[in-house]
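Asks: Just so it is clear, I am handing over run10.txt, which has compact mmCIF, C-alpha atoms (C1' of nucleotides).
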```
# COMPACT_ATOMS: atom_id res chain seq x y z
CA MET A 1 -4.88 -39.21 -6.32
CA ALA A 2 -8.47 -38.34 -5.51
CA ARG A 3 -7.21 -36.40 -2.56
CA THR A 4 -9.75 -33.79 -1.59
CA GLN A 5 -8.87 -30.28 -0.56
CA ALA A 6 -7.27 -30.40 2.87
CA PRO A 7 -9.37 -28.62 5.49
CA THR A 8 -8.14 -25.13 6.14
CA GLN A 9 -5.72 -24.90 9.00
CA TRP A 10 -6.84 -21.77 10.79
CA LEU A 11 -4.48 -19.61 12.79
CA THR A 12 -4.15 -20.22 16.50
CA PRO A 13 -5.32 -17.36 18.70
CA ALA A 14 -1.72 -16.35 19.33
CA GLN A 15 -0.92 -16.42 15.63
CA GLN A 16 -4.01 -14.48 14.79
CA HIS A 17 -3.14 -11.88 17.36
CA ALA A 18 0.36 -11.53 15.97
CA TRP A 19 -0.95 -11.35 12.42
CA ARG A 20 -3.42 -8.63 13.27
CA SER A 21 -0.82 -6.69 15.18
CA PHE A 22 1.35 -6.81 12.12
CA LEU A 23 -1.49 -5.74 9.89
CA LEU A 24 -2.40 -2.79 12.06
CA GLY A 25 1.15 -1.80 12.93
CA SER A 26 2.46 -1.93 9.39
CA THR A 27 -0.56 -0.02 8.10
CA ARG A 28 0.05 2.79 10.55
CA LEU A 29 3.78 2.64 10.03
CA PHE A 30 3.67 3.05 6.26
CA ASP A 31 0.99 5.69 6.57
CA GLN A 32 3.10 7.73 8.92
CA LEU A 33 6.37 7.34 7.05
CA GLU A 34 4.62 8.29 3.84
CA ARG A 35 3.02 11.32 5.39
CA ASP A 36 6.27 12.52 6.99
CA LEU A 37 8.14 12.33 3.70
CA ARG A 38 5.30 13.96 1.81
CA VAL A 39 4.85 16.84 4.21
CA GLU A 40 8.49 17.58 4.86
CA HIS A 41 10.08 16.77 1.51
CA ASP A 42 7.32 16.27 -1.03
CA LEU A 43 8.33 12.69 -1.72
CA SER A 44 6.44 9.43 -1.55
CA LEU A 45 8.01 6.43 0.11
CA ALA A 46 8.29 4.73 -3.28
CA GLU A 47 10.09 7.73 -4.71
CA TYR A 48 12.38 7.87 -1.72
CA GLU A 49 13.26 4.21 -2.09
CA MET A 50 14.17 4.74 -5.72
CA LEU A 51 16.46 7.61 -4.81
CA VAL A 52 18.13 5.43 -2.20
CA ARG A 53 18.78 2.58 -4.63
CA LEU A 54 20.16 4.94 -7.21
CA SER A 55 22.39 6.65 -4.67
CA GLU A 56 23.91 3.32 -3.70
CA ALA A 57 24.54 2.12 -7.23
CA PRO A 58 27.89 2.54 -8.94
CA ASP A 59 27.94 5.94 -10.61
CA ARG A 60 24.45 6.51 -9.17
CA ARG A 61 22.81 4.92 -12.17
CA LEU A 62 20.72 1.80 -12.55
CA ARG A 63 18.72 0.16 -15.25
CA MET A 64 14.97 0.25 -14.90
CA ALA A 65 14.66 -3.50 -14.51
CA GLU A 66 17.27 -3.60 -11.77
CA LEU A 67 15.51 -0.81 -10.00
CA ALA A 68 12.26 -2.68 -10.30
CA SER A 69 13.55 -5.94 -8.95
CA SER A 70 15.52 -4.34 -6.14
CA VAL A 71 12.36 -2.89 -4.64
CA SER A 72 10.02 -5.54 -6.03
CA HIS A 73 7.77 -3.13 -7.84
CA SER A 74 6.25 -3.75 -11.25
CA ARG A 75 8.14 -2.41 -14.23
CA SER A 76 5.15 -0.27 -15.01
CA ARG A 77 5.19 1.26 -11.58
CA VAL A 78 8.88 2.02 -11.86
CA THR A 79 8.29 3.69 -15.22
CA HIS A 80 5.64 5.95 -13.73
CA THR A 81 7.62 6.70 -10.59
CA ILE A 82 10.78 7.51 -12.49
CA SER A 83 8.80 9.69 -14.87
CA ARG A 84 7.59 11.76 -11.95
CA LEU A 85 11.09 11.99 -10.51
CA GLU A 86 12.42 12.97 -13.92
CA ALA A 87 9.77 15.65 -14.25
CA SER A 88 10.87 17.16 -10.96
CA GLY A 89 14.50 17.01 -11.98
CA LEU A 90 15.67 14.49 -9.41
CA VAL A 91 16.45 11.74 -11.89
CA ALA A 92 17.53 11.67 -15.52
CA ARG A 93 17.01 9.01 -18.15
CA ALA A 94 19.68 7.82 -20.57
CA ALA A 95 19.95 5.13 -23.19
CA CYS A 96 21.80 1.96 -22.27
CA PRO A 97 24.90 1.54 -24.44
CA THR A 98 25.01 -2.26 -24.32
CA ASP A 99 21.34 -3.01 -24.80
CA ARG A 100 19.27 -0.80 -27.00
CA ARG A 101 16.08 -1.75 -25.22
CA GLY A 102 17.52 -0.58 -21.95
CA VAL A 103 16.95 2.66 -20.12
CA ILE A 104 19.25 3.88 -17.42
CA ALA A 105 17.99 6.06 -14.63
CA SER A 106 20.57 8.25 -12.96
CA LEU A 107 20.40 10.41 -9.89
CA THR A 108 20.94 14.10 -10.59
CA ASP A 109 22.81 16.32 -8.18
CA GLU A 110 19.52 17.85 -7.24
CA GLY A 111 18.13 14.37 -6.61
CA PHE A 112 21.06 13.50 -4.41
CA ALA A 113 20.67 16.71 -2.48
CA ARG A 114 16.99 16.03 -1.94
CA LEU A 115 17.81 12.55 -0.70
CA VAL A 116 20.38 13.89 1.74
CA ASP A 117 17.72 16.24 3.02
CA ALA A 118 15.04 13.61 3.34
CA ALA A 119 17.08 10.79 4.82
CA PRO A 120 17.14 12.07 8.40
CA THR A 121 13.38 12.46 8.41
CA HIS A 122 12.92 8.95 7.16
CA VAL A 123 15.47 7.23 9.37
CA ASP A 124 14.22 9.12 12.36
CA GLY A 125 10.72 7.83 11.67
CA VAL A 126 11.86 4.27 11.18
CA ARG A 127 13.59 4.44 14.51
CA ARG A 128 10.89 6.15 16.48
CA TYR A 129 7.99 4.20 15.06
CA LEU A 130 9.55 0.77 14.70
CA VAL A 131 13.14 0.01 15.55
CA ASP A 132 13.24 1.62 18.96
CA VAL A 133 9.74 0.87 20.21
CA GLY A 134 10.27 -2.72 21.26
CA ASP A 135 12.86 -5.21 22.32
CA PRO A 136 15.93 -5.15 20.04
CA GLY A 137 15.98 -8.93 19.87
CA ASP A 138 12.37 -8.95 18.80
CA PHE A 139 13.15 -6.55 16.02
CA GLU A 140 15.93 -8.74 14.72
CA ALA A 141 13.61 -11.71 14.88
CA ALA A 142 11.11 -9.76 12.80
CA GLY A 143 13.88 -9.14 10.30
CA ARG A 144 14.48 -12.87 10.00
CA VAL A 145 10.79 -13.59 9.52
CA PHE A 146 10.43 -11.11 6.69
CA ALA A 147 13.66 -12.18 5.08
CA ALA A 148 12.18 -15.66 4.92
CA THR A 149 8.94 -14.27 3.50
CA ALA A 150 10.84 -12.27 0.93
CA SER A 151 12.77 -15.26 -0.32
CA ARG A 152 9.68 -17.45 -0.18
CA LEU A 153 8.02 -14.99 -2.52
CA ASP A 154 11.04 -14.24 -4.63
CA PRO A 155 9.80 -14.15 -8.22
CA GLN A 156 13.18 -15.40 -9.46
CA CYS A 157 12.94 -18.57 -7.49
CA ALA A 158 9.86 -20.24 -8.96
CA SER A 159 10.91 -23.48 -7.28
CA ALA A 160 9.32 -22.21 -4.11
CA GLU A 161 5.98 -22.71 -5.80
CA LEU A 162 6.62 -26.38 -6.36
CA GLY A 163 8.57 -27.41 -3.33
CA VAL A 164 6.61 -26.01 -0.44
CA SER A 165 3.05 -25.87 -1.70
CA ARG A 166 -0.09 -26.91 0.13
CA GLY A 167 0.23 -30.36 1.57
CA MET B 1 17.09 26.38 24.63
CA ALA B 2 19.22 27.05 21.56
CA ARG B 3 19.70 23.36 21.20
CA THR B 4 20.48 22.51 17.62
CA GLN B 5 19.01 19.59 15.76
CA ALA B 6 20.55 16.38 17.10
CA PRO B 7 22.64 14.56 14.48
CA THR B 8 20.72 11.78 12.83
CA GLN B 9 21.25 8.45 14.45
CA TRP B 10 21.60 6.13 11.48
CA LEU B 11 20.65 2.49 11.61
CA THR B 12 23.32 -0.05 12.42
CA PRO B 13 24.09 -2.50 9.62
CA ALA B 14 22.06 -5.19 11.39
CA GLN B 15 19.13 -2.84 11.86
CA GLN B 16 19.30 -1.69 8.29
CA HIS B 17 19.34 -5.26 7.10
CA ALA B 18 16.31 -6.11 9.20
CA TRP B 19 14.50 -3.00 8.04
CA ARG B 20 15.11 -3.75 4.38
CA SER B 21 14.07 -7.34 4.85
CA PHE B 22 10.84 -6.11 6.32
CA LEU B 23 10.34 -3.65 3.50
CA LEU B 24 10.91 -6.23 0.81
CA GLY B 25 9.10 -9.05 2.57
CA SER B 26 6.02 -7.07 3.43
CA THR B 27 5.85 -5.60 -0.07
CA ARG B 28 5.86 -9.05 -1.61
CA LEU B 29 3.55 -10.41 1.05
CA PHE B 30 0.82 -7.81 0.56
CA ASP B 31 1.21 -8.05 -3.20
CA GLN B 32 0.71 -11.77 -3.16
CA LEU B 33 -2.16 -11.80 -0.68
CA GLU B 34 -3.87 -9.10 -2.69
CA ARG B 35 -3.39 -10.95 -5.94
CA ASP B 36 -4.64 -14.24 -4.52
CA LEU B 37 -7.82 -12.67 -3.22
CA ARG B 38 -8.36 -10.73 -6.42
CA VAL B 39 -7.84 -13.67 -8.73
CA GLU B 40 -9.74 -16.27 -6.75
CA HIS B 41 -12.51 -14.21 -5.18
CA ASP B 42 -12.51 -10.80 -6.81
CA LEU B 43 -11.82 -9.02 -3.53
CA SER B 44 -9.11 -6.64 -2.45
CA LEU B 45 -7.38 -7.11 0.87
CA ALA B 46 -9.05 -3.96 2.17
CA GLU B 47 -12.46 -5.26 1.18
CA TYR B 48 -11.71 -8.62 2.74
CA GLU B 49 -10.70 -6.98 5.99
CA MET B 50 -13.94 -5.07 6.11
CA LEU B 51 -15.94 -8.23 5.62
CA VAL B 52 -13.99 -9.86 8.44
CA ARG B 53 -14.65 -7.02 10.87
CA LEU B 54 -18.31 -6.98 10.02
CA SER B 55 -18.60 -10.74 10.39
CA GLU B 56 -17.16 -10.56 13.87
CA ALA B 57 -19.35 -7.72 15.05
CA PRO B 58 -22.56 -8.32 16.98
CA ASP B 59 -25.36 -8.78 14.49
CA ARG B 60 -22.75 -8.41 11.73
CA ARG B 61 -23.15 -4.68 11.67
CA LEU B 62 -20.79 -1.85 12.51
CA ARG B 63 -20.77 1.89 12.25
CA MET B 64 -18.55 3.41 9.62
CA ALA B 65 -16.31 5.12 12.15
CA GLU B 66 -15.78 1.92 14.11
CA LEU B 67 -14.95 0.12 10.92
CA ALA B 68 -12.48 2.85 10.06
CA SER B 69 -10.70 2.84 13.37
CA SER B 70 -10.59 -0.93 13.64
CA VAL B 71 -8.54 -1.19 10.46
CA SER B 72 -6.96 2.25 10.74
CA HIS B 73 -8.14 3.49 7.39
CA SER B 74 -9.37 6.99 6.71
CA ARG B 75 -13.10 7.57 6.92
CA SER B 76 -13.03 8.55 3.29
CA ARG B 77 -11.42 5.29 2.32
CA VAL B 78 -13.98 3.33 4.27
CA THR B 79 -16.77 5.22 2.54
CA HIS B 80 -15.35 4.30 -0.86
CA THR B 81 -14.65 0.70 0.05
CA ILE B 82 -18.08 0.14 1.56
CA SER B 83 -19.66 1.77 -1.48
CA ARG B 84 -17.99 -0.79 -3.71
CA LEU B 85 -19.02 -3.63 -1.45
CA GLU B 86 -22.54 -2.30 -1.36
CA ALA B 87 -22.62 -2.06 -5.14
CA SER B 88 -21.68 -5.73 -5.37
CA GLY B 89 -24.31 -6.68 -2.82
CA LEU B 90 -21.96 -7.88 -0.09
CA VAL B 91 -22.78 -5.11 2.36
CA ALA B 92 -25.83 -2.97 3.03
CA ARG B 93 -26.07 0.48 4.54
CA ALA B 94 -28.62 1.51 7.13
CA ALA B 95 -29.29 4.60 9.20
CA CYS B 96 -28.14 4.57 12.79
CA PRO B 97 -31.12 4.82 15.17
CA THR B 98 -29.28 6.50 18.04
CA ASP B 99 -27.26 9.04 16.07
CA ARG B 100 -28.76 10.57 13.01
CA ARG B 101 -25.35 11.32 11.53
CA GLY B 102 -24.42 7.67 11.79
CA VAL B 103 -24.38 5.05 9.07
CA ILE B 104 -24.35 1.37 9.83
CA ALA B 105 -22.77 -1.11 7.45
CA SER B 106 -24.09 -4.63 7.70
CA LEU B 107 -22.91 -7.83 6.10
CA THR B 108 -25.46 -9.39 3.75
CA ASP B 109 -25.90 -13.13 3.49
CA GLU B 110 -24.17 -12.97 0.17
CA GLY B 111 -21.35 -11.06 1.78
CA PHE B 112 -21.00 -13.64 4.49
CA ALA B 113 -21.00 -16.43 1.94
CA ARG B 114 -18.29 -14.69 -0.04
CA LEU B 115 -16.21 -14.29 3.08
CA VAL B 116 -16.57 -17.97 3.96
CA ASP B 117 -15.36 -18.76 0.47
CA ALA B 118 -12.44 -16.40 0.57
CA ALA B 119 -11.18 -17.06 4.07
CA PRO B 120 -9.35 -20.32 3.30
CA THR B 121 -7.49 -18.70 0.44
CA HIS B 122 -6.42 -15.85 2.65
CA VAL B 123 -5.46 -17.84 5.72
CA ASP B 124 -3.61 -20.33 3.59
CA GLY B 125 -1.60 -17.51 2.10
CA VAL B 126 -0.84 -15.95 5.45
CA ARG B 127 0.44 -19.30 6.66
CA ARG B 128 2.45 -20.25 3.62
CA TYR B 129 3.97 -16.85 2.99
CA LEU B 130 4.51 -15.64 6.53
CA VAL B 131 3.52 -17.63 9.59
CA ASP B 132 5.04 -20.94 8.61
CA VAL B 133 8.16 -19.78 6.80
CA GLY B 134 10.32 -19.04 9.82
CA ASP B 135 10.81 -19.83 13.46
CA PRO B 136 7.53 -19.67 15.43
CA GLY B 137 9.22 -17.74 18.19
CA ASP B 138 10.45 -15.19 15.69
CA PHE B 139 6.96 -14.74 14.37
CA GLU B 140 5.61 -14.06 17.84
CA ALA B 141 8.42 -11.59 18.39
CA ALA B 142 7.42 -9.84 15.18
CA GLY B 143 3.90 -9.66 16.54
CA ARG B 144 5.15 -7.89 19.65
CA VAL B 145 7.17 -5.42 17.62
CA PHE B 146 4.24 -4.42 15.47
CA ALA B 147 1.89 -4.27 18.40
CA ALA B 148 4.27 -1.73 19.90
CA THR B 149 4.38 0.17 16.62
CA ALA B 150 0.61 0.13 16.38
CA SER B 151 0.18 1.59 19.84
CA ARG B 152 3.01 4.05 19.29
CA LEU B 153 1.10 5.34 16.27
CA ASP B 154 -2.36 5.05 17.76
CA PRO B 155 -4.20 8.21 16.71
CA GLN B 156 -6.28 8.10 19.91
CA CYS B 157 -3.27 8.37 22.11
CA ALA B 158 -1.82 11.75 21.17
CA SER B 159 0.39 11.62 24.26
CA ALA B 160 2.83 9.49 22.32
CA GLU B 161 3.64 12.58 20.31
CA LEU B 162 4.65 14.50 23.38
CA GLY B 163 6.28 11.92 25.54
CA VAL B 164 8.66 10.14 23.26
CA SER B 165 9.54 12.71 20.65
CA ARG B 166 12.97 13.48 19.25
CA GLY B 167 15.31 14.19 22.01
C1' DG C 1 20.06 -14.43 -41.43
C1' DA C 2 15.12 -15.94 -40.77
C1' DG C 3 12.25 -17.14 -37.43
C1' DC C 4 11.11 -18.13 -32.61
C1' DT C 5 10.86 -16.91 -27.84
C1' DG C 6 11.63 -14.17 -24.00
C1' DT C 7 12.91 -9.60 -22.11
C1' DT C 8 12.68 -4.50 -21.66
C1' DG C 9 10.27 -0.51 -21.15
C1' DT C 10 6.23 2.32 -22.21
C1' DT C 11 1.39 3.51 -22.70
C1' DG C 12 -3.40 4.49 -21.46
C1' DA C 13 -7.41 3.14 -19.25
C1' DA C 14 -9.41 1.39 -15.10
C1' DC C 15 -9.15 1.30 -10.44
C1' DA C 16 -7.96 2.60 -5.52
C1' DC C 17 -6.57 5.98 -2.19
C1' DT C 18 -5.68 10.74 -0.40
C1' DC C 19 -6.87 15.17 0.65
C1' DA C 20 -9.56 19.21 1.40
C1' DA C 21 -14.00 20.90 1.50
C1' DC C 22 -18.39 20.36 2.93
C1' DC C 23 -22.95 19.57 5.45
C1' DA C 24 -25.50 17.59 9.06
C1' DA C 25 -25.89 16.34 13.59
C1' DC C 26 -24.10 15.86 18.33
C1' DT C 27 -22.01 18.03 22.61
C1' DG C 28 -21.12 21.09 26.15
C1' DA C 29 -20.61 25.83 28.12
C1' DG C 30 -22.76 29.88 28.98
C1' DC D 1 -31.87 27.96 24.26
C1' DT D 2 -27.97 29.22 21.66
C1' DC D 3 -23.71 29.17 19.94
C1' DA D 4 -19.06 27.33 19.16
C1' DG D 5 -16.61 23.43 18.58
C1' DT D 6 -16.35 18.57 17.50
C1' DT D 7 -17.56 14.35 15.20
C1' DG D 8 -19.59 11.44 11.33
C1' DG D 9 -19.93 10.64 6.72
C1' DT D 10 -19.79 11.89 1.89
C1' DT D 11 -18.07 14.06 -2.30
C1' DG D 12 -15.05 15.04 -6.19
C1' DA D 13 -10.69 16.20 -7.84
C1' DG D 14 -6.02 14.91 -7.94
C1' DT D 15 -2.64 11.35 -7.53
C1' DG D 16 -0.63 6.78 -7.62
C1' DT D 17 -0.93 1.81 -8.93
C1' DT D 18 -2.39 -2.07 -11.66
C1' DC D 19 -3.29 -4.43 -15.71
C1' DA D 20 -3.26 -5.72 -20.50
C1' DA D 21 -1.54 -4.54 -24.74
C1' DC D 22 2.20 -3.22 -27.39
C1' DA D 23 6.74 -2.18 -29.87
C1' DA D 24 11.52 -2.76 -29.88
C1' DC D 25 15.24 -5.48 -29.12
C1' DA D 26 18.13 -9.68 -27.56
C1' DG D 27 19.36 -14.44 -27.79
C1' DC D 28 18.83 -18.82 -29.63
C1' DT D 29 18.12 -22.48 -33.12
C1' DC D 30 18.22 -24.01 -37.46
```
Go through the file and emit its structure as structure tokens.

Replies:
Amino acid sequence: MARTQAPTQWLTPAQQHAWRSFLLGSTRLFDQLERDLRVEHDLSLAEYEMLVRLSEAPDRRLRMAELASSVSHSRSRVTHTISRLEASGLVARAACPTDRRGVIASLTDEGFARLVDAAPTHVDGVRRYLVDVGDPGDFEAAGRVFAATASRLDPQCASAELGVSRG
Amino acid sequence: MARTQAPTQWLTPAQQHAWRSFLLGSTRLFDQLERDLRVEHDLSLAEYEMLVRLSEAPDRRLRMAELASSVSHSRSRVTHTISRLEASGLVARAACPTDRRGVIASLTDEGFARLVDAAPTHVDGVRRYLVDVGDPGDFEAAGRVFAATASRLDPQCASAELGVSRG
DNA sequence: GAGCTGTTGTTGAACACTCAACCAACTGAG
DNA sequence: CTCAGTTGGTTGAGTGTTCAACAACAGCTC
């Protein structure tokens, strides 16, 4: 069992190039999407995502924890984000009837209207900056890669830690 | 010229799925890489990236603006980040001999040592969370996609704004 | 139902980033 | 040379996120 730390397996030049492209591209992408939403609709990307999730939920309401896990943000972050959205009237808080700890965030009409306004800006950006810039097959491949990453890092599935660790 | 706003071209279900996978996967990926570096080496990802760029530069020194553009961060952000790194002794500032406005950031020996320590943690994470979780061909495809995004959003190349805009 | 244990959501302080304003220094046209 | 315009870097205020601590509740065991 006295197995020493395995030597680091560095990235191949091709892998490193791809990794750095991703780093640079995603940095610029998020920057730009964020800026577009901020300038045109006074929303951050995180706020926009919350509005989207709420709009898709039954009755346009979701519990804080569900909201948090659906976008993989910390509960604390969701609390702060929702507080801002509540302050600007886009979201309302309500008590959860079945669990007295629970808090339900619901999209107001004003929030829905804002989302309808902002969506074209956002989708347009996603298309112009990402989806439509390269080969469609490549984009789908990227989707598969990140789906794998997402499930690899799914906090629910702690087994990933054990099964596939270093070695 | 009274052409009205073109109707938004929404994402297809497949595109939307890929986009959301990317959003979720990259969120978790950056979170985890950040946490690993923070916990094991008390560095943020941004700080780590700076150290990497410096370590690769001739004489391990780079001007602030070059540093900024190589990682696509704002000059202000680079100022703040380098200030922190300087405060912890990993980087030193020096005046630029050829341009009296210029400031040169250089990696200290301590900074280099810290980077050598941290690199295995980081590369290991990149492999386990991203590079090795899916099909290698898919990963290279993702690299191409984000390279395209990066150049599409390259601040140097303002022509992109004109050539490929909405229409 | 008393006592654990884990979950839910909030809080406030510390930290990181953005943005606008600013000064100093370079550049090029006249 | 001079002036306008641009670039390089910093600053501080405002904003957003993290982190640890906490209170309230749920679910379980005995």

Asks: Would you give me, as a Markdown table, each residue of chain A having an atom within 9 Å of an atom of chain D, along with its shortest atom pair and that distance in Å to one decimal, using all atoms listed in the file and sorting by chain and residue number?

Replies:
```
| residue | atom | partner | partner_atom | distance |
| --- | --- | --- | --- | --- |
| A:Ser74 | CA | D:DT18 | C1' | 8.8 |
| A:Ser76 | CA | D:DT18 | C1' | 8.4 |
| A:Arg77 | CA | D:DT17 | C1' | 6.7 |
| A:His80 | CA | D:DG16 | C1' | 8.8 |
| A:Thr81 | CA | D:DG16 | C1' | 8.8 |
| A:Asp99 | CA | D:DC25 | C1' | 7.9 |
| A:Arg100 | CA | D:DC25 | C1' | 6.5 |
| A:Arg101 | CA | D:DC25 | C1' | 5.5 |
| A:Gly102 | CA | D:DC25 | C1' | 9.0 |
```

Asks: Go through B:Val126, B:Cys157, B:Leu43, B:Ile104 one by one, measure the shortest atom-to-atom distance of each to chain A using only C-alpha atoms, and give the residue with the smallest value.

Replies: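 Looking only at the distances to chain A, the closest residue turns out to be B:Val126.
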
Asks: Do me a favour and pick out the residues of chain C within 9 Å of chain B, using only C-alpha atoms (C1' of nucleotides), as a VMD selection string.

Replies: chain C and resid 16 to 18 24 to 26

Asks: Enumerate as a VMD selection string the residues belonging to chain A that approach chain B to within 6 Å, with only C-alpha atoms taken into account.

Replies: chain A and resid 8 18 21 to 22 25 120 129 to 130 134 138 141 to 143 145 to 147 149 to 150

Asks: When you look at Ala118 (chain B) with a cut-off of 9 Å (counting only C-alpha atoms (C1' of nucleotides)), what residues show up, excluding the ones that are within fewer than 4 positions of it in the same chain? I need them as a ChimeraX atom specification.

Replies: /B:37,40-41,43,48,113-114,122-123

Asks: Would you work out the distance separating CA of Leu62 (chain B) from CA of Ala87 (chain B), expressed in Å to one decimal?

Replies: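 Interatomic distance here is 17.7 Å.
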
Asks: Mind giving me the straight-line distance from CA of Ala94 (chain B) to CA of Arg53 (chain B) in Å, one decimal?

Replies: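 Computing the Euclidean distance for CA of Ala94 (chain B) and CA of Arg53 (chain B) yields 16.8 Å.
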
Asks: Just to confirm, what's the straight-line distance from CA of Ser55 (chain B) to CA of Phe112 (chain B) in Å (one decimal)?

Replies: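 CA of Phe112 (chain B) lies at a distance of 7.0 Å from CA of Ser55 (chain B).
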
Asks: Set up a box along x, y and z of the file covering all listed atoms of region 9-14 of chain D, add 8 Å on every one of the six sides, and write the centre and edge lengths in Å to one decimal, as lines of an AutoDock Vina configuration file.

Replies:
```
center_x = -13.0
center_y = 13.4
center_z = -0.6
size_x = 29.9
size_y = 21.6
size_z = 30.7
```

Asks: Would you mind putting back N, CA and C atoms on region 87-104 of chain B, then writing it out as a PDB file, keeping the file's coordinate frame?

Replies:
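Output file rebuild-v1.pdb is given in full below:
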```
ATOM      1  N   ALA B  87     -22.250  -1.930  -3.734  1.00  0.00           N
ATOM      2  CA  ALA B  87     -22.620  -2.060  -5.140  1.00  0.00           C
ATOM      3  C   ALA B  87     -22.586  -3.525  -5.589  1.00  0.00           C
ATOM      4  N   SER B  88     -21.698  -4.316  -4.978  1.00  0.00           N
ATOM      5  CA  SER B  88     -21.680  -5.730  -5.370  1.00  0.00           C
ATOM      6  C   SER B  88     -22.543  -6.589  -4.451  1.00  0.00           C
ATOM      7  N   GLY B  89     -23.316  -5.947  -3.599  1.00  0.00           N
ATOM      8  CA  GLY B  89     -24.310  -6.680  -2.820  1.00  0.00           C
ATOM      9  C   GLY B  89     -23.775  -7.415  -1.604  1.00  0.00           C
ATOM     10  N   LEU B  90     -22.530  -7.151  -1.214  1.00  0.00           N
ATOM     11  CA  LEU B  90     -21.960  -7.880  -0.090  1.00  0.00           C
ATOM     12  C   LEU B  90     -22.224  -7.177   1.243  1.00  0.00           C
ATOM     13  N   VAL B  91     -22.564  -5.924   1.171  1.00  0.00           N
ATOM     14  CA  VAL B  91     -22.780  -5.110   2.360  1.00  0.00           C
ATOM     15  C   VAL B  91     -23.991  -4.221   2.107  1.00  0.00           C
ATOM     16  N   ALA B  92     -24.715  -3.910   3.162  1.00  0.00           N
ATOM     17  CA  ALA B  92     -25.830  -2.970   3.030  1.00  0.00           C
ATOM     18  C   ALA B  92     -25.645  -1.829   4.014  1.00  0.00           C
ATOM     19  N   ARG B  93     -26.138  -0.674   3.650  1.00  0.00           N
ATOM     20  CA  ARG B  93     -26.070   0.480   4.540  1.00  0.00           C
ATOM     21  C   ARG B  93     -27.418   0.684   5.203  1.00  0.00           C
ATOM     22  N   ALA B  94     -27.371   1.181   6.448  1.00  0.00           N
ATOM     23  CA  ALA B  94     -28.620   1.510   7.130  1.00  0.00           C
ATOM     24  C   ALA B  94     -28.366   2.724   8.007  1.00  0.00           C
ATOM     25  N   ALA B  95     -29.415   3.444   8.320  1.00  0.00           N
ATOM     26  CA  ALA B  95     -29.290   4.600   9.200  1.00  0.00           C
ATOM     27  C   ALA B  95     -29.096   4.117  10.628  1.00  0.00           C
ATOM     28  N   CYS B  96     -28.352   4.906  11.390  1.00  0.00           N
ATOM     29  CA  CYS B  96     -28.140   4.570  12.790  1.00  0.00           C
ATOM     30  C   CYS B  96     -29.280   5.158  13.611  1.00  0.00           C
ATOM     31  N   PRO B  97     -29.957   4.335  14.435  1.00  0.00           N
ATOM     32  CA  PRO B  97     -31.120   4.820  15.170  1.00  0.00           C
ATOM     33  C   PRO B  97     -30.767   5.816  16.275  1.00  0.00           C
ATOM     34  N   THR B  98     -29.611   5.677  16.883  1.00  0.00           N
ATOM     35  CA  THR B  98     -29.280   6.500  18.040  1.00  0.00           C
ATOM     36  C   THR B  98     -28.530   7.776  17.686  1.00  0.00           C
ATOM     37  N   ASP B  99     -28.029   7.853  16.474  1.00  0.00           N
ATOM     38  CA  ASP B  99     -27.260   9.040  16.070  1.00  0.00           C
ATOM     39  C   ASP B  99     -27.562   9.291  14.604  1.00  0.00           C
ATOM     40  N   ARG B 100     -28.265  10.370  14.372  1.00  0.00           N
ATOM     41  CA  ARG B 100     -28.760  10.570  13.010  1.00  0.00           C
ATOM     42  C   ARG B 100     -27.673  10.899  11.994  1.00  0.00           C
ATOM     43  N   ARG B 101     -26.439  11.164  12.482  1.00  0.00           N
ATOM     44  CA  ARG B 101     -25.350  11.320  11.530  1.00  0.00           C
ATOM     45  C   ARG B 101     -24.862   9.959  11.070  1.00  0.00           C
ATOM     46  N   GLY B 102     -25.052   8.971  11.955  1.00  0.00           N
ATOM     47  CA  GLY B 102     -24.420   7.670  11.790  1.00  0.00           C
ATOM     48  C   GLY B 102     -24.910   6.848  10.613  1.00  0.00           C
ATOM     49  N   VAL B 103     -24.016   6.024  10.094  1.00  0.00           N
ATOM     50  CA  VAL B 103     -24.380   5.050   9.070  1.00  0.00           C
ATOM     51  C   VAL B 103     -23.856   3.696   9.518  1.00  0.00           C
ATOM     52  N   ILE B 104     -24.733   2.705   9.405  1.00  0.00           N
ATOM     53  CA  ILE B 104     -24.350   1.370   9.830  1.00  0.00           C
ATOM     54  C   ILE B 104     -24.176   0.478   8.610  1.00  0.00           C
TER      55      ILE B 104
END
```
